[in-house]
There are 2 protein chains.
Amino acid sequence: MARATSADGTVGKALEVLDQVAAFGRPVRFSELLAASPFPKATLYRFVQTLTNQGMLAFDAERQTYAPGLRLVRLAHTAWEQSSLAPVARPMIDQLSEQLGETVHLAQLDHGHVLYVDKRNAADPIEMFSQAGRVGPAYCTGVGKAMLAHLDEGELERVLAMQSFHRFTDKTFTTAAALRAELAAIRTRGHAYDDEEHEVGIICIAMPILTRTKRVLGALSVTTSTDRNSLGGLDRLAPDLRQTARAIAEEADSWRFPEETRSTHRAGAA
Amino acid sequence: MARATSADGTVGKALEVLDQVAAFGRPVRFSELLAASPFPKATLYRFVQTLTNQGMLAFDAERQTYAPGLRLVRLAHTAWEQSSLAPVARPMIDQLSEQLGETVHLAQLDHGHVLYVDKRNAADPIEMFSQAGRVGPAYCTGVGKAMLAHLDEGELERVLAMQSFHRFTDKTFTTAAALRAELAAIRTRGHAYDDEEHEVGIICIAMPILTRTKRVLGALSVTTSTDRNSLGGLDRLAPDLRQTARAIAEEADSWRFPEETRSTHRAGAA
DNA sequence: GGGATGAGTTCCATTATTTGAAACTCGGTT
DNA sequence: AACCGAGTTTCAAATAATGGAACTCATCCC
């Protein structure tokens with residue numbers, strides 16, 4: 001999990017510190033951070049200071065703790081909006097979810113892991129950042145495997161090296177070799193399943209989103225539970241999924257940003 | 001808008017570049033960036049390289065453009081989750097929105113501007129990052145004014161200096177003096193309105209979220225249109241809003257992070 | 001074809017910044 | 001009053017950033 005990002009000089013180190021704070025998953029004191037950090041006190045101190053007054057970290061004066069800052073939320077908003085996949089896919093996912101009445105995920109591959117960039121929950125009310133932005137394993141999720149199946153050998157090699165192959169359930173693939181066989185099957189079948197490999201009782205069917213040139217853009221999945229469906233039953237969703245995936249790919253692929261977005265002020269919320 | 005962030009050495013400069021890219025609002029070529037950047041070519045080049053291989057920027061090889069990277073989405077997720085306000089407020093906003101059947105916003109103050117951190121849309125399907133993470137003006141939105149009204153003099157001074165006082169509609173407050181009068185009224189009334197100050201036809205009622213010690217945590221609003229409601233009509237929502245705001249404040253204030261979140265692996269999505 | 005143009009990339013001596021051990025400050029203990 | 005631990009500042013040495021200039025490699029134009 002802890003890939004030594006050390007490179008990229010000072011900026012890289014500062015971002016390493018930022019990741020550290022994020023990794024804690026809760027507000028941290030300076031001293032806790034120091035204990036977990038490779039940097040000497042003064043150095044870490046300066047990084048934390050810098051990040052804080054840049055808004056990348058937020059300091060809670062009352063509790064004397066640091067947490068990732070709001071500037072990240074602002075930046076992520078633009079990242080999401082500008083990504084060629086998520087905004088384009090949005091209306092199509094809306095429609096698919098409504099049409100199927102099931103939970104739909106949209107994911108991309110990020111540093112060998114699955115990053116969920118959007119989600120439609122059939123029934124429940126809205127889920128927000130709490131869901132989009134979440135990271136999951138690639139080797140034992142439907143979307144993850146669907147994407148891996150279409151990487152070229154070099155990329156796949158690199159990505160496989162990043163997998164932890166933790167055995168979540170007794171159906172989890174726990175070796176690169178076993179996974180490779182599964183990926184071959186997925187490639188011929190055209191779509192992937194998650195057969196309770198990540199969580200008992202949870203299954204899904206996933207479809208890769210590929211450009212005309214077969215480059216992987218992301219993946220789409222419908223998730224459900226063994227209570228309500230079987231893997232076989234999910235097959236009937238494949239055509240709809242495939243069609244949506246293709247439509248997304250086509251639009252994302254040909255998408256040019258609307259010329260000139262000079263207006264900083266946009267209407268909407270009060 | 002362009003506050004010269006120059007300070008914080010190399011890290012600050014790198015983040016300045018990141019902001020630049022984000023500010024374009026669309027994928028940019030290196031040369032476009034260069035034209036808009038204070039940095040010489042080689043320097044900018046190295047920054048962009050560093051940010052890219054840190055995942056803070058994403059390079060689209062096909063189109064030769066840079067855009068904010070996915071790492072930001074990951075980081076923002078943790079920022080949102082760790083913020084003491086948004087996760088705590090979530091279920092309460094769900095309930096409020098359902099109960100009122102209206103659109104609810106949750107916002108925080110960030111660098112003098114309003115940052116929307118959550119939203120519930122009464123009718124429409126879900127809106128995601130595209131809404132949360134969005135930034136708006138403080139001086140002409142309900143949530144903005146509600147928060148400004150409860151800053152102490154020093155902070156207020158600083159924040160007012162950051163307002164652009166652009167006249168969005170003919171009801172927009174366009175001077176610090178006029179705004180100060182409005183803020184005093186809000187303070188005595190207990191809540192703020194947006195009376196078509198940002199967008200014609202859009203009105204809202206907003207409630208500050210304050211700690212026991214009267215520190216501003218954020219604000220909550222119900223937005224609607226003049227077609228469906230009048231400012232006076234919104235008044236009937238004040239009690240519910242106030243109660244929700246108070247409940248959020250109380251919980252956020254006393255909130256300690258659940259001890260030990262050592263599990264990197266969390267169940268959920270396939 | 002050739003040569004001019006321009007985007008993107010690399011080089012490297014100079015310069016400015018980062019580094020981190022140690023010293024200091026400041027609440028709270030013993 | 002001495003101690004302690006967390007957080008903060010200092011400063012000479014070590015390191016990394018800087019940016020002008022030169023290079024590459026397409027593309028365009030005569």
# chains A, B, ... in the order shown; residues from 1 in each chain; ligands from 1
$ interface_residues --of "chain B" --to "chain D" --cutoff "9 Å" --atoms "only C-alpha atoms (C1' of nucleotides)" --output "list in words"
Thr10, Pro40, Lys41, Ala42 and Thr43 of chain B
$ closest_atom_pairs --of "stretch 59-133 of chain B" --to "stretch 142-157 of chain B" --cutoff "9 Å" --atoms "only C-alpha atoms" --output "CSV"
residue,atom,partner,partner_atom,distance
B:His105,CA,B:Val143,CA,8.3
B:Leu106,CA,B:Val143,CA,8.1
B:Ala107,CA,B:Val143,CA,6.6
B:Gln108,CA,B:Met147,CA,8.1
B:Leu109,CA,B:Met147,CA,7.3
B:Gly112,CA,B:Gly144,CA,9.0
B:His113,CA,B:Gly144,CA,7.4
B:Val114,CA,B:Gly144,CA,5.8
$ closest_atom_pairs --of "chain C" --to "chain A" --cutoff "10 Å" --atoms "only C-alpha atoms (C1' of nucleotides)" --output "CSV"
residue,atom,partner,partner_atom,distance
C:DT17,C1',A:Thr10,CA,9.9
C:DT18,C1',A:Thr10,CA,8.0
C:DT19,C1',A:Thr43,CA,7.1
C:DG20,C1',A:Ala42,CA,6.5
C:DA21,C1',A:Ala42,CA,9.4
$ write_last_selection --atoms "C-alpha atoms (C1' of nucleotides)" --output "short mmCIF file (atom, residue, chain, number, x, y, z; two decimals), in the first residue's frame"
data_model
loop_
_atom_site.label_atom_id
_atom_site.label_comp_id
_atom_site.auth_asym_id
_atom_site.auth_seq_id
_atom_site.Cartn_x
_atom_site.Cartn_y
_atom_site.Cartn_z
"C1'" DT C 17 15.48 27.06 -1.12
"C1'" DT C 18 15.21 23.28 1.63
"C1'" DT C 19 17.20 20.77 5.29
"C1'" DG C 20 17.43 19.12 10.13
"C1'" DA C 21 20.13 19.16 14.52
#
$ residues_around --residues "stretch 26-30 of chain A" --least-positions-apart "6" --cutoff "7 Å" --atoms "only C-alpha atoms (C1' of nucleotides)" --output "count of residues only"
6
$ atom_distance --atom1 "atom CA of B:Thr223" --atom2 "atom CA of B:Pro208"
14.6 Å
$ select_by_dssp --residues "stretch 64-218 of chain B" --states "strand (DSSP E)" --output "ChimeraX atom specification"
/B:65-68,103-110,113-120,135-136,192-195,202-210,216-218
$ write_last_selection --atoms "C-alpha atoms" --output "PDB file, in the first residue's frame"
ATOM      1  CA  THR B  65      -3.961  18.336 -22.755  1.00  0.00           C
ATOM      2  CA  TYR B  66      -3.789  18.581 -19.002  1.00  0.00           C
ATOM      3  CA  ALA B  67      -6.711  18.515 -16.589  1.00  0.00           C
ATOM      4  CA  PRO B  68      -7.008  18.150 -12.817  1.00  0.00           C
ATOM      5  CA  THR B 103     -33.948  21.628  -2.224  1.00  0.00           C
ATOM      6  CA  VAL B 104     -31.504  21.903   0.650  1.00  0.00           C
ATOM      7  CA  HIS B 105     -27.906  23.108   0.527  1.00  0.00           C
ATOM      8  CA  LEU B 106     -25.132  22.733   3.064  1.00  0.00           C
ATOM      9  CA  ALA B 107     -22.265  25.170   2.741  1.00  0.00           C
ATOM     10  CA  GLN B 108     -19.054  26.200   4.447  1.00  0.00           C
ATOM     11  CA  LEU B 109     -16.952  29.309   4.163  1.00  0.00           C
ATOM     12  CA  ASP B 110     -13.697  28.791   2.312  1.00  0.00           C
ATOM     13  CA  HIS B 113     -16.311  32.219  -0.655  1.00  0.00           C
ATOM     14  CA  VAL B 114     -19.182  29.858  -0.230  1.00  0.00           C
ATOM     15  CA  LEU B 115     -18.321  26.216  -0.784  1.00  0.00           C
ATOM     16  CA  TYR B 116     -21.271  23.908  -1.171  1.00  0.00           C
ATOM     17  CA  VAL B 117     -20.436  20.660   0.546  1.00  0.00           C
ATOM     18  CA  ASP B 118     -23.722  18.851   0.167  1.00  0.00           C
ATOM     19  CA  LYS B 119     -27.079  19.158  -1.477  1.00  0.00           C
ATOM     20  CA  ARG B 120     -30.434  17.444  -1.592  1.00  0.00           C
ATOM     21  CA  VAL B 135     -17.999  27.582  -5.142  1.00  0.00           C
ATOM     22  CA  GLY B 136     -20.243  30.623  -5.011  1.00  0.00           C
ATOM     23  CA  ALA B 192     -30.841  35.195   6.117  1.00  0.00           C
ATOM     24  CA  TYR B 193     -32.694  35.416   2.836  1.00  0.00           C
ATOM     25  CA  ASP B 194     -31.516  35.520  -0.689  1.00  0.00           C
ATOM     26  CA  ASP B 195     -34.031  37.784  -2.349  1.00  0.00           C
ATOM     27  CA  ILE B 202     -34.339  32.327  -7.232  1.00  0.00           C
ATOM     28  CA  ILE B 203     -34.919  32.941  -3.544  1.00  0.00           C
ATOM     29  CA  CYS B 204     -33.840  31.157  -0.420  1.00  0.00           C
ATOM     30  CA  ILE B 205     -33.889  31.124   3.332  1.00  0.00           C
ATOM     31  CA  ALA B 206     -30.660  30.268   5.105  1.00  0.00           C
ATOM     32  CA  MET B 207     -29.720  29.441   8.654  1.00  0.00           C
ATOM     33  CA  PRO B 208     -26.233  29.652  10.143  1.00  0.00           C
ATOM     34  CA  ILE B 209     -24.810  26.630  11.911  1.00  0.00           C
ATOM     35  CA  LEU B 210     -23.059  27.847  15.047  1.00  0.00           C
ATOM     36  CA  VAL B 216     -19.497  29.641  12.459  1.00  0.00           C
ATOM     37  CA  LEU B 217     -19.400  26.076  11.210  1.00  0.00           C
ATOM     38  CA  GLY B 218     -21.452  26.529   8.070  1.00  0.00           C
TER      39      GLY B 218
END
$ residues_around --residues "stretch 236-244 of chain A" --least-positions-apart "5" --cutoff "8 Å" --atoms "only C-alpha atoms (C1' of nucleotides)" --output "MDAnalysis selection string"
chainID A and resid 92:93 96 100 191 205:207 220:221
$ residues_around --residues "A:Ser254" --least-positions-apart "3" --cutoff "10 Å" --atoms "only C-alpha atoms (C1' of nucleotides)" --output "PyMOL selection string"
chain A and resi 84+211+249-251+257
$ select_by_dssp --residues "stretch 131-248 of chain A" --states "helix (DSSP H, G or I)" --output "PyMOL selection string"
chain A and resi 142-148+153-161+176-189+231-248
$ closest_residue --among "B:Phe165, B:Trp80, B:Tyr45, B:Tyr139" --to "chain A" --atoms "only C-alpha atoms"
B:Trp80
$ closest_residue --among "B:Gln49, B:Thr174, B:Ser37, B:Gln99" --to "chain A" --atoms "only C-alpha atoms"
B:Gln49
$ atom_distance --atom1 "atom CA of B:Gly133" --atom2 "atom CA of B:His77"
10.7 Å
